[in-house]
file query.txt (compact mmCIF, C-alpha atoms)
# COMPACT_ATOMS: atom_id res chain seq x y z
CA MET D 154 3.30 -43.69 -6.09
CA LEU D 155 3.14 -39.89 -6.28
CA THR D 156 -0.21 -39.97 -8.09
CA SER D 157 -1.73 -42.25 -5.48
CA THR D 158 -0.43 -40.01 -2.70
CA ILE D 159 -2.03 -36.99 -4.35
CA GLN D 160 -5.30 -38.93 -4.78
CA ILE D 161 -5.27 -39.95 -1.14
CA ASN D 162 -4.54 -36.35 -0.12
CA THR D 163 -7.32 -35.01 -2.34
CA ARG D 164 -9.79 -37.56 -0.93
CA PHE D 165 -8.66 -36.69 2.56
CA TRP D 166 -9.24 -32.95 2.05
CA ASP D 167 -12.60 -33.64 0.38
CA LYS D 168 -13.66 -35.52 3.49
CA VAL D 169 -12.42 -32.70 5.74
CA LEU D 170 -14.37 -30.18 3.66
CA LYS D 171 -17.56 -32.30 3.75
CA LEU D 172 -17.20 -32.74 7.50
CA PHE D 173 -16.70 -29.01 7.90
CA LEU D 174 -19.80 -28.28 5.81
CA MET D 175 -21.81 -30.82 7.85
CA ILE D 176 -20.83 -29.04 11.05
CA ASN D 177 -21.33 -25.58 9.57
CA PRO D 178 -23.64 -25.77 6.50
CA THR D 179 -24.26 -22.00 6.47
CA ASN D 180 -20.60 -21.51 5.52
CA ASP D 181 -21.20 -23.02 2.07
CA ILE D 182 -24.29 -20.89 1.52
CA ARG D 183 -22.42 -17.78 2.64
CA ASN D 184 -19.57 -18.60 0.28
CA GLN D 185 -21.98 -19.06 -2.65
CA GLU D 186 -23.58 -15.77 -1.74
CA ARG D 187 -20.17 -14.11 -1.62
CA ILE D 188 -19.26 -15.39 -5.09
CA HIS D 189 -22.63 -14.21 -6.40
CA ILE D 190 -22.15 -10.67 -5.00
CA PHE D 191 -18.56 -10.54 -6.24
CA ASN D 192 -19.64 -11.49 -9.77
CA LYS D 193 -22.33 -8.82 -9.59
CA ILE D 194 -19.76 -6.23 -8.55
CA LEU D 195 -17.45 -7.30 -11.39
CA SER D 196 -20.18 -6.93 -13.98
CA GLU D 197 -21.95 -3.83 -12.67
CA TYR D 198 -19.33 -1.74 -10.89
CA ASP D 199 -16.13 -2.46 -12.82
CA GLY D 200 -16.31 0.95 -14.52
CA LEU D 201 -16.58 2.70 -11.17
CA VAL D 202 -13.61 0.81 -9.71
CA SER D 203 -11.54 1.38 -12.87
CA ARG D 204 -12.25 5.13 -12.92
CA ILE D 205 -11.14 5.54 -9.32
CA CYS D 206 -7.94 3.55 -9.92
CA PHE D 207 -7.32 5.60 -13.07
CA GLY D 208 -7.61 8.80 -11.01
CA TYR D 209 -4.88 7.55 -8.67
CA SER D 210 -2.51 6.06 -11.24
CA GLN D 211 0.58 7.43 -12.92
CA SER D 212 1.15 4.50 -15.24
CA ARG D 213 -0.64 1.54 -16.74
CA GLU D 214 1.15 -0.88 -14.38
CA GLU D 215 0.08 1.17 -11.39
CA PHE D 216 -3.49 1.15 -12.66
CA GLU D 217 -3.50 -2.63 -13.10
CA ASP D 218 -1.98 -3.16 -9.63
CA LEU D 219 -4.42 -0.81 -7.95
CA ARG D 220 -7.45 -2.31 -9.66
CA GLN D 221 -6.50 -5.83 -8.65
CA ASP D 222 -5.75 -4.65 -5.09
CA VAL D 223 -9.20 -3.06 -4.92
CA TYR D 224 -10.84 -6.32 -5.98
CA VAL D 225 -8.79 -8.29 -3.45
CA ASN D 226 -10.04 -5.95 -0.72
CA ILE D 227 -13.61 -6.19 -2.02
CA TRP D 228 -13.40 -10.01 -2.08
CA GLN D 229 -11.95 -10.13 1.45
CA GLY D 230 -14.27 -7.39 2.69
CA LEU D 231 -17.37 -9.26 1.48
CA ARG D 232 -16.86 -11.64 4.42
CA SER D 233 -17.64 -8.84 6.86
CA TYR D 234 -20.06 -6.89 4.65
CA HIS D 235 -23.57 -7.27 6.01
CA GLY D 236 -25.31 -4.66 3.90
CA ASP D 237 -25.05 -1.95 6.57
CA SER D 238 -24.45 0.65 3.86
CA CYS D 239 -25.47 0.73 0.20
CA ILE D 240 -23.21 -1.57 -1.88
CA LYS D 241 -22.19 1.28 -4.18
CA THR D 242 -21.14 3.48 -1.24
CA TRP D 243 -19.20 0.54 0.20
CA ILE D 244 -17.38 -0.08 -3.10
CA TYR D 245 -16.45 3.61 -3.33
CA ARG D 246 -15.05 3.41 0.18
CA VAL D 247 -13.04 0.23 -0.41
CA ALA D 248 -11.70 1.46 -3.77
CA ILE D 249 -10.58 4.87 -2.52
CA ASN D 250 -9.18 3.42 0.72
CA THR D 251 -7.12 0.93 -1.27
CA CYS D 252 -5.75 3.68 -3.50
CA VAL D 253 -4.89 6.09 -0.69
CA SER D 254 -3.36 3.44 1.56
CA THR D 255 -0.93 2.38 -1.14
CA LEU D 256 1.45 5.30 -0.86
CA ARG D 257 3.70 4.55 -3.75
CA LYS D 258 7.11 6.04 -4.27
CA ARG D 259 6.43 7.99 -7.41
CA SER D 260 10.08 8.68 -8.13
CA SER D 261 10.95 5.00 -8.37
CA ARG D 262 8.19 4.31 -10.86
CA ILE D 263 8.82 4.29 -14.55
CA LYS D 264 7.67 7.58 -16.00
CA THR D 265 6.46 7.09 -19.51
CA ALA D 266 6.88 9.84 -22.01
CA ASN D 267 3.54 9.34 -23.68
CA GLN D 268 0.90 8.61 -21.07
CA ILE D 269 -1.92 8.82 -23.59
CA THR D 270 -0.54 5.92 -25.62
CA VAL D 271 0.06 3.90 -22.45
CA PHE D 272 -3.46 4.36 -21.09
CA SER D 273 -5.06 3.87 -24.51
CA GLU D 274 -4.18 0.17 -24.12
CA ILE D 275 -6.72 -0.14 -21.31
CA ILE D 276 -9.25 2.54 -22.23
CA ASP D 277 -11.47 2.08 -25.25
CA GLU D 278 -11.89 5.73 -26.25
CA ASP D 279 -10.96 7.96 -29.18
CA ALA D 280 -7.78 10.08 -29.19
CA GLU D 281 -9.55 13.36 -28.39
CA LYS D 282 -11.22 11.99 -25.30
CA MET D 283 -7.99 10.29 -24.23
CA VAL D 284 -6.23 13.68 -24.21
CA LEU D 285 -9.03 15.19 -22.12
CA LEU D 286 -9.03 12.28 -19.66
CA ASN D 287 -5.28 12.38 -19.33
CA ASP D 288 -5.31 16.14 -18.63
CA LEU D 289 -8.01 15.59 -16.04
CA ARG D 290 -6.11 12.73 -14.41
CA GLU D 291 -2.93 14.80 -14.25
CA SER D 292 -4.81 17.74 -12.74
CA ILE D 293 -6.43 15.51 -10.11
CA ASN D 294 -3.04 14.02 -9.29
CA GLN D 295 -1.82 17.43 -8.19
CA LEU D 296 -4.40 17.61 -5.39
CA SER D 297 -3.77 16.29 -1.88
CA GLN D 298 -4.98 12.75 -1.08
CA LEU D 299 -8.15 13.86 0.69
CA ASP D 300 -9.01 16.50 -1.92
CA ARG D 301 -8.38 13.97 -4.67
CA ALA D 302 -10.81 11.53 -3.05
CA ILE D 303 -13.45 14.26 -2.75
CA MET D 304 -12.91 15.41 -6.33
CA ILE D 305 -13.20 11.87 -7.73
CA LEU D 306 -16.38 11.28 -5.74
CA TRP D 307 -17.78 14.54 -7.09
CA LEU D 308 -16.88 13.51 -10.64
CA GLU D 309 -18.76 10.29 -9.93
CA GLU D 310 -21.86 12.46 -9.37
CA ASN D 311 -22.19 11.75 -5.67
CA THR D 312 -24.02 14.29 -3.54
CA TYR D 313 -22.24 16.23 -0.77
CA GLU D 314 -23.99 14.02 1.80
CA GLU D 315 -22.77 10.84 0.12
CA ILE D 316 -19.23 12.21 -0.17
CA SER D 317 -19.34 13.20 3.49
CA GLU D 318 -20.44 9.66 4.46
CA ILE D 319 -17.74 7.94 2.41
CA VAL D 320 -14.89 10.27 3.32
CA GLY D 321 -15.86 10.74 6.96
CA ILE D 322 -15.74 14.55 7.19
CA SER D 323 -18.58 17.05 7.61
CA ARG D 324 -20.71 18.19 4.68
CA HIS D 325 -19.50 21.76 5.19
CA ASN D 326 -15.89 20.61 5.04
CA VAL D 327 -16.62 18.70 1.82
CA ALA D 328 -18.13 21.84 0.26
CA VAL D 329 -15.18 24.03 1.25
CA ARG D 330 -12.56 21.56 0.04
CA LEU D 331 -14.41 20.88 -3.20
CA HIS D 332 -14.76 24.59 -3.94
CA ARG D 333 -11.03 25.09 -3.40
CA SER D 334 -10.14 22.08 -5.54
CA LYS D 335 -12.42 23.19 -8.37
CA GLN D 336 -10.71 26.60 -8.44
CA LEU D 337 -7.31 24.93 -8.54
CA LEU D 338 -8.44 22.44 -11.13
CA LYS D 339 -9.84 25.20 -13.33
CA SER D 340 -6.51 27.03 -13.31
CA ILE D 341 -4.49 23.88 -14.00
CA PHE D 342 -6.95 22.52 -16.52
CA GLY D 343 -7.23 25.91 -18.22
CA SER D 344 -3.48 26.25 -18.59
CA MET D 345 -3.23 22.76 -20.06
CA LYS D 346 -5.61 23.55 -22.89
CA MET O 209 -17.81 22.98 -18.43
CA GLU O 210 -18.18 21.10 -15.14
CA GLU O 211 -20.95 18.94 -16.56
CA ASP O 212 -18.88 18.12 -19.66
CA ILE O 213 -15.97 17.01 -17.50
CA ARG O 214 -18.23 14.84 -15.35
CA ASN O 215 -19.90 13.27 -18.37
CA ASN O 216 -16.58 12.48 -19.98
CA TRP O 217 -15.35 11.01 -16.72
CA LYS O 218 -18.40 8.85 -16.11
CA ASN O 219 -18.66 7.54 -19.66
CA THR O 220 -15.15 6.19 -19.92
CA ASN O 221 -14.87 2.56 -20.99
CA PHE O 222 -12.15 0.46 -19.45
CA GLN O 223 -11.08 -3.04 -20.40
CA SER O 224 -12.22 -5.66 -17.91
CA LEU O 225 -10.06 -7.85 -15.73
CA THR O 226 -8.83 -11.06 -17.31
CA GLY O 227 -10.11 -14.44 -16.15
CA GLN O 228 -6.68 -15.27 -14.74
CA GLN O 229 -6.62 -12.07 -12.70
CA ILE O 230 -10.06 -12.83 -11.24
CA GLU O 231 -8.98 -16.40 -10.43
CA ASN O 232 -5.90 -15.12 -8.59
CA ILE O 233 -8.05 -12.78 -6.52
CA VAL O 234 -10.65 -15.38 -5.56
CA ASP O 235 -8.06 -18.09 -4.85
CA GLY O 236 -6.22 -15.72 -2.51
CA ARG O 237 -3.05 -15.94 -4.58
CA ARG O 238 -2.81 -12.18 -4.93
CA ARG O 239 -1.95 -9.98 -1.99
CA THR O 240 -2.51 -6.22 -1.84
CA GLY O 241 0.30 -3.68 -1.64
CA LEU O 242 -0.65 -2.96 1.96
CA GLU O 243 -0.53 -6.66 2.90
CA ASN O 244 2.90 -6.98 1.27
CA LEU O 245 4.11 -3.94 3.19
CA ALA O 246 2.85 -5.39 6.50
CA GLN O 247 4.54 -8.72 5.74
CA ARG O 248 7.80 -6.91 4.95
CA TYR O 249 7.71 -5.15 8.33
CA LYS O 250 6.98 -8.47 10.03
CA ARG O 251 9.90 -10.15 8.26
CA PHE O 252 12.31 -7.34 9.21
CA SER O 253 11.04 -7.45 12.79
CA VAL O 254 11.75 -11.19 13.07
CA ILE O 255 15.20 -10.87 11.45
CA SER O 256 16.15 -7.98 13.77
CA PHE O 257 14.93 -9.96 16.78
CA ILE O 258 17.14 -12.90 15.80
CA PHE O 259 20.07 -10.49 15.66
CA VAL O 260 19.37 -9.46 19.28
CA PHE O 261 20.27 -13.03 20.30
CA TRP O 262 23.25 -12.92 17.97
CA SER O 263 24.46 -9.80 19.83
CA VAL O 264 24.12 -11.64 23.17
CA MET O 265 26.12 -14.57 21.77
CA MET O 266 28.75 -12.15 20.52
CA PHE O 267 29.28 -11.11 24.13
CA PHE O 268 30.60 -14.59 24.93
CA SER O 269 32.50 -15.15 21.70
CA ASP O 270 35.99 -14.03 20.73
CA LEU O 271 34.88 -12.08 17.71
CA PHE O 272 34.60 -8.82 19.64
CA PRO O 273 37.83 -7.49 21.17
CA GLU O 274 37.88 -7.82 24.96
CA ASN O 275 38.14 -4.07 25.50
CA SER O 276 34.93 -3.51 23.52
CA LYS O 277 32.89 -5.66 25.93
CA PRO O 278 30.27 -5.08 27.14
CA LEU O 279 29.71 -1.79 25.27
CA LEU O 280 29.72 -3.02 21.66
CA PRO O 281 27.49 -6.13 22.17
CA ILE O 282 25.06 -4.02 24.23
CA LEU O 283 24.93 -1.32 21.55
CA PHE O 284 24.39 -3.98 18.86
CA GLY O 285 21.70 -5.69 20.91
CA ALA O 286 19.94 -2.42 21.68
CA TYR O 287 20.09 -1.39 18.03
CA PHE O 288 18.47 -4.59 16.80
CA PHE O 289 15.96 -4.57 19.64
CA ILE O 290 14.86 -1.02 18.80
CA ALA O 291 14.71 -1.84 15.07
CA SER O 292 12.72 -5.01 15.75
CA SER O 293 10.28 -3.21 18.06
CA ILE O 294 9.71 -0.37 15.58
CA ASP O 295 9.13 -2.81 12.72
CA TYR O 296 6.74 -4.87 14.82
CA TRP O 297 4.84 -1.74 15.83
CA LEU O 298 4.64 -0.67 12.16
CA TYR O 299 3.50 -4.17 11.19
CA GLN O 300 0.72 -4.05 13.79
CA GLY O 301 -0.32 -0.57 12.70
CA ILE O 302 -0.34 -1.29 8.97
CA SER O 303 -2.24 -4.56 9.53
CA GLY O 304 -4.84 -2.59 11.47
CA ILE O 305 -5.81 -0.52 8.42
CA ASP O 306 -9.10 -1.98 7.23
CA CYS O 307 -10.06 -0.65 3.79
CA ALA O 308 -13.50 -2.29 3.97
CA THR O 309 -14.76 -0.68 7.18
CA MET O 310 -12.81 2.53 7.83
CA ASN O 311 -13.71 5.83 6.25
CA VAL O 312 -11.36 7.50 3.77
CA ALA O 313 -10.14 10.31 6.08
CA GLU O 314 -9.19 7.74 8.75
CA VAL O 315 -7.30 5.54 6.26
CA ILE O 316 -5.39 8.55 4.86
CA ARG O 317 -4.53 9.69 8.41
CA LEU O 318 -3.25 6.23 9.40
CA ALA O 319 -1.33 5.65 6.15
CA TYR O 320 0.47 8.97 6.48
CA PHE O 321 1.01 8.52 10.21
CA TYR O 322 2.81 5.18 9.77
CA ARG O 323 4.73 6.35 6.72
CA LYS O 324 5.96 9.36 8.70
CA ARG O 325 6.92 7.19 11.68
CA HIS O 326 8.79 4.82 9.34
CA LEU O 327 10.85 7.70 7.96
CA GLN O 328 11.42 9.15 11.44
CA SER O 329 12.69 5.78 12.68
CA ILE O 330 15.23 5.74 9.86
CA ILE O 331 16.35 9.25 10.79
CA LEU O 332 16.77 7.97 14.36
CA LEU O 333 18.56 4.71 13.58
CA LEU O 334 20.92 5.95 10.88
CA PRO O 335 23.22 8.00 13.19
CA TYR O 336 23.08 5.10 15.67
CA ALA O 337 24.37 2.69 13.00
CA VAL O 338 27.12 5.11 11.95
CA THR O 339 28.18 5.43 15.62
CA ILE O 340 28.42 1.64 15.98
CA VAL O 341 30.56 1.35 12.84
CA GLY O 342 32.80 4.14 14.16
CA LEU O 343 33.17 2.36 17.52
CA MET O 344 33.95 -0.92 15.77
CA ILE O 345 36.80 0.74 13.87
CA TYR O 346 38.05 2.28 17.12
CA TYR O 347 38.01 -0.97 19.09
CA TYR O 348 39.38 -3.19 16.35
CA ASN O 349 42.23 -0.79 15.70
CA ASP O 350 44.54 -2.35 18.32
CA ASP O 351 43.42 -5.89 17.99
CA VAL O 352 43.46 -7.06 14.40
CA ASN O 353 45.44 -6.57 11.22
CA ASN O 354 45.05 -3.62 8.89
CA ASN O 355 43.21 -5.61 6.22
CA PHE O 356 40.25 -6.00 8.52
CA ILE O 357 40.19 -2.26 9.23
CA TYR O 358 40.38 -1.49 5.51
CA GLY O 359 37.49 -3.89 4.96
CA VAL O 360 35.39 -2.13 7.60
CA ILE O 361 36.27 1.32 6.22
CA GLY O 362 35.54 0.18 2.66
CA GLY O 363 32.23 -1.30 3.74
CA ALA O 364 31.39 1.87 5.65
CA ILE O 365 32.13 4.08 2.61
CA VAL O 366 30.02 1.93 0.29
CA GLY O 367 27.31 1.76 2.96
CA LEU O 368 27.44 5.53 3.41
CA ALA O 369 27.16 6.14 -0.33
CA ILE O 370 24.16 3.82 -0.67
CA GLY O 371 22.75 5.12 2.61
CA THR O 372 23.04 8.76 1.53
CA ARG O 373 21.27 8.02 -1.73
CA GLN O 374 18.51 6.18 0.10
CA PHE O 375 18.37 8.93 2.71
CA MET O 376 17.85 11.61 0.04
CA LYS O 377 15.01 9.50 -1.39
CA PHE O 378 13.55 9.12 2.08
CA MET O 379 13.75 12.85 2.72
CA ALA O 380 12.00 13.60 -0.58
CA ASP O 381 9.35 11.07 0.43
CA TYR O 382 9.10 12.59 3.89
CA ARG O 383 8.63 16.09 2.49
CA LYS O 384 5.90 14.74 0.21
CA VAL O 385 4.18 12.96 3.09
CA THR O 386 4.14 16.04 5.30
CA LYS O 387 3.12 18.33 2.44
CA ASP O 388 0.53 16.09 0.82
CA TYR O 389 -1.69 15.38 3.81
call {"tool": "encode", "arguments": {"input": "query.txt", "output": "structure tokens"}}
result
Amino acid sequence: MLTSTIQINTRFWDKVLKLFLMINPTNDIRNQERIHIFNKILSEYDGLVSRICFGYSQSREEFEDLRQDVYVNIWQGLRSYHGDSCIKTWIYRVAINTCVSTLRKRSSRIKTANQITVFSEIIDEDAEKMVLLNDLRESINQLSQLDRAIMILWLEENTYEEISEIVGISRHNVAVRLHRSKQLLKSIFGSMK
Amino acid sequence: MEEDIRNNWKNTNFQSLTGQQIENIVDGRRRTGLENLAQRYKRFSVISFIFVFWSVMMFFSDLFPENSKPLLPILFGAYFFIASSIDYWLYQGISGIDCATMNVAEVIRLAYFYRKRHLQSIILLLPYAVTIVGLMIYYYNDDVNNNFIYGVIGGAIVGLAIGTRQFMKFMADYRKVTKDY
């Protein structure tokens, strides 16, 4: 009885879907296109997304959450993305926006004693590089949200113009903030070594 | 040194998402932290709004002492109405943040703005709630037995202890929000 009900329901929804596609055939094409672009992003830009999430994370769980949130926003955002800006610039924007809009309560998060061990589960690098990356991540985490975004975009080798476009502040402002952050980072990073 | 740091940063290898994680994203089973937050505000707004009607009904019931009417039901109603309105406003604001189209500075500004307003609303509503509890004790004093009063006082003490702890957390959060942006 239950099986037949499910079958009837499935057939019913299949018919609804076919009818919908008959009325609006472009929807299916658009959806295929969306899946294609999403797969491309997953294969080509996963490193970029992961690095940004890493820069904003305090723990492995936070990193995993942020990365999945970024991909949810990318998947949803692809509906309205019409190629107005370069796909890479758009991904940077979505990834950083997702990270900065999730203002987590740091104090309530579990603070792990050995961050290097925790992150080594998701990063395939040797111990020496892990220490360096962790120091860098901790230094970046001491910057304000906006400065952190600018610093991460600079680390990603974006030009001042590109950073200015993504962040939405003037090129001059980017240069001033970046200079200040680099000074701060040098002092923090220097004292860590 | 700068180039070394950038090279190390750019050449980091992360493990990819699992197939299950990708499936959850595409199927729409996973919601972002921001969406969850917006839904939470919506839920609180609806619950508070229901309590507005509860306050009106209390006006006609025998649960409130006669001498407390209409002050106590009005204060209750106003409290829940304000709380519901604030939560609905926060829900609207948080839902309006579009990570795919807005620039980073705008998203940071909005996120901090709503977080700050959330904390300010708590600072506003907390003394209001304490006042209502105080008035309840005052009005019920003549009307009901001591056990009820002890219950209210006990509840208020526990509530105050939890509230103070939460308030300290909120204040730390508030300081961070104002300092960080």
call {"tool": "residues_around", "arguments": {"input": "query.txt", "residues": "stretch 209-222 of chain O", "least_positions_apart": "4", "cutoff": "10 Å", "atoms": "only C-alpha atoms", "output": "NGL selection string"}}
result
:D and (199-204 or 207-208 or 272-278 or 282-283 or 285-286 or 289-290 or 305 or 307-310 or 335 or 339)
call {"tool": "residues_near_point", "arguments": {"input": "query.txt", "point": "(11.2, -1.3, 15.1)", "cutoff": "12 Å", "atoms": "all atoms listed in the file", "output": "MDAnalysis selection string"}}
result
chainID O and resid 249:257 286:301 322 325:330 332:333
call {"tool": "write_last_selection", "arguments": {"input": "query.txt", "atoms": "C-alpha atoms", "output": "short mmCIF file (atom, residue, chain, number, x, y, z; two decimals), in the frame of the given file"}}
result
data_model
loop_
_atom_site.label_atom_id
_atom_site.label_comp_id
_atom_site.auth_asym_id
_atom_site.auth_seq_id
_atom_site.Cartn_x
_atom_site.Cartn_y
_atom_site.Cartn_z
CA TYR O 249 7.71 -5.15 8.33
CA LYS O 250 6.98 -8.47 10.03
CA ARG O 251 9.90 -10.15 8.26
CA PHE O 252 12.31 -7.34 9.21
CA SER O 253 11.04 -7.45 12.79
CA VAL O 254 11.75 -11.19 13.07
CA ILE O 255 15.20 -10.87 11.45
CA SER O 256 16.15 -7.98 13.77
CA PHE O 257 14.93 -9.96 16.78
CA ALA O 286 19.94 -2.42 21.68
CA TYR O 287 20.09 -1.39 18.03
CA PHE O 288 18.47 -4.59 16.80
CA PHE O 289 15.96 -4.57 19.64
CA ILE O 290 14.86 -1.02 18.80
CA ALA O 291 14.71 -1.84 15.07
CA SER O 292 12.72 -5.01 15.75
CA SER O 293 10.28 -3.21 18.06
CA ILE O 294 9.71 -0.37 15.58
CA ASP O 295 9.13 -2.81 12.72
CA TYR O 296 6.74 -4.87 14.82
CA TRP O 297 4.84 -1.74 15.83
CA LEU O 298 4.64 -0.67 12.16
CA TYR O 299 3.50 -4.17 11.19
CA GLN O 300 0.72 -4.05 13.79
CA GLY O 301 -0.32 -0.57 12.70
CA TYR O 322 2.81 5.18 9.77
CA ARG O 325 6.92 7.19 11.68
CA HIS O 326 8.79 4.82 9.34
CA LEU O 327 10.85 7.70 7.96
CA GLN O 328 11.42 9.15 11.44
CA SER O 329 12.69 5.78 12.68
CA ILE O 330 15.23 5.74 9.86
CA LEU O 332 16.77 7.97 14.36
CA LEU O 333 18.56 4.71 13.58
#
call {"tool": "atom_distance", "arguments": {"input": "query.txt", "atom1": "atom CA of O:Lys324", "atom2": "atom CA of D:Glu215"}}
result
22.5 Å
call {"tool": "interface_residues", "arguments": {"input": "query.txt", "of": "chain D", "to": "chain O", "cutoff": "6 Å", "atoms": "all atoms listed in the file", "output": "PDB file with C-alpha atoms, keeping the file's coordinate frame"}}
result
ATOM      1  CA  ASP D 222      -5.750  -4.650  -5.090  1.00  0.00           C
ATOM      2  CA  VAL D 225      -8.790  -8.290  -3.450  1.00  0.00           C
ATOM      3  CA  GLY D 230     -14.270  -7.390   2.690  1.00  0.00           C
ATOM      4  CA  VAL D 247     -13.040   0.230  -0.410  1.00  0.00           C
ATOM      5  CA  ASN D 250      -9.180   3.420   0.720  1.00  0.00           C
ATOM      6  CA  SER D 254      -3.360   3.440   1.560  1.00  0.00           C
ATOM      7  CA  ILE D 275      -6.720  -0.140 -21.310  1.00  0.00           C
ATOM      8  CA  ILE D 276      -9.250   2.540 -22.230  1.00  0.00           C
ATOM      9  CA  ASP D 277     -11.470   2.080 -25.250  1.00  0.00           C
ATOM     10  CA  SER D 297      -3.770  16.290  -1.880  1.00  0.00           C
ATOM     11  CA  LEU D 308     -16.880  13.510 -10.640  1.00  0.00           C
ATOM     12  CA  ILE D 319     -17.740   7.940   2.410  1.00  0.00           C
ATOM     13  CA  VAL D 320     -14.890  10.270   3.320  1.00  0.00           C
ATOM     14  CA  GLY D 321     -15.860  10.740   6.960  1.00  0.00           C
TER      15      GLY D 321
END
call {"tool": "atom_distance", "arguments": {"input": "query.txt", "atom1": "atom CA of D:Asn192", "atom2": "atom CA of D:Trp228"}}
result
10.0 Å
call {"tool": "closest_residue", "arguments": {"input": "query.txt", "among": "O:Ile340, O:Tyr347, O:Thr226, O:Leu334", "to": "O:Ser276", "atoms": "all atoms listed in the file"}}
result
O:Tyr347
call {"tool": "residues_around", "arguments": {"input": "query.txt", "residues": "D:Arg330", "least_positions_apart": "5", "cutoff": "9 Å", "atoms": "all atoms listed in the file", "output": "NGL selection string"}}
result
:D and (299-300 or 303-304 or 325 or 335)
call {"tool": "closest_residue", "arguments": {"input": "query.txt", "among": "D:Val329, D:Ser334, D:Phe216, D:Val253", "to": "D:Gln298", "atoms": "all atoms listed in the file"}}
result
D:Val253
call {"tool": "atom_distance", "arguments": {"input": "query.txt", "atom1": "atom CA of O:Gln228", "atom2": "atom CA of D:Thr255"}}
result
23.0 Å
call {"tool": "axis_aligned_box", "arguments": {"input": "query.txt", "around": "stretch 217-223 of chain D", "padding_each_side": "6 Å", "output": "AutoDock Vina command-line options"}}
result
--center_x -5.6 --center_y -3.3 --center_z -9.0 --size_x 19.2 --size_y 17.0 --size_z 20.2
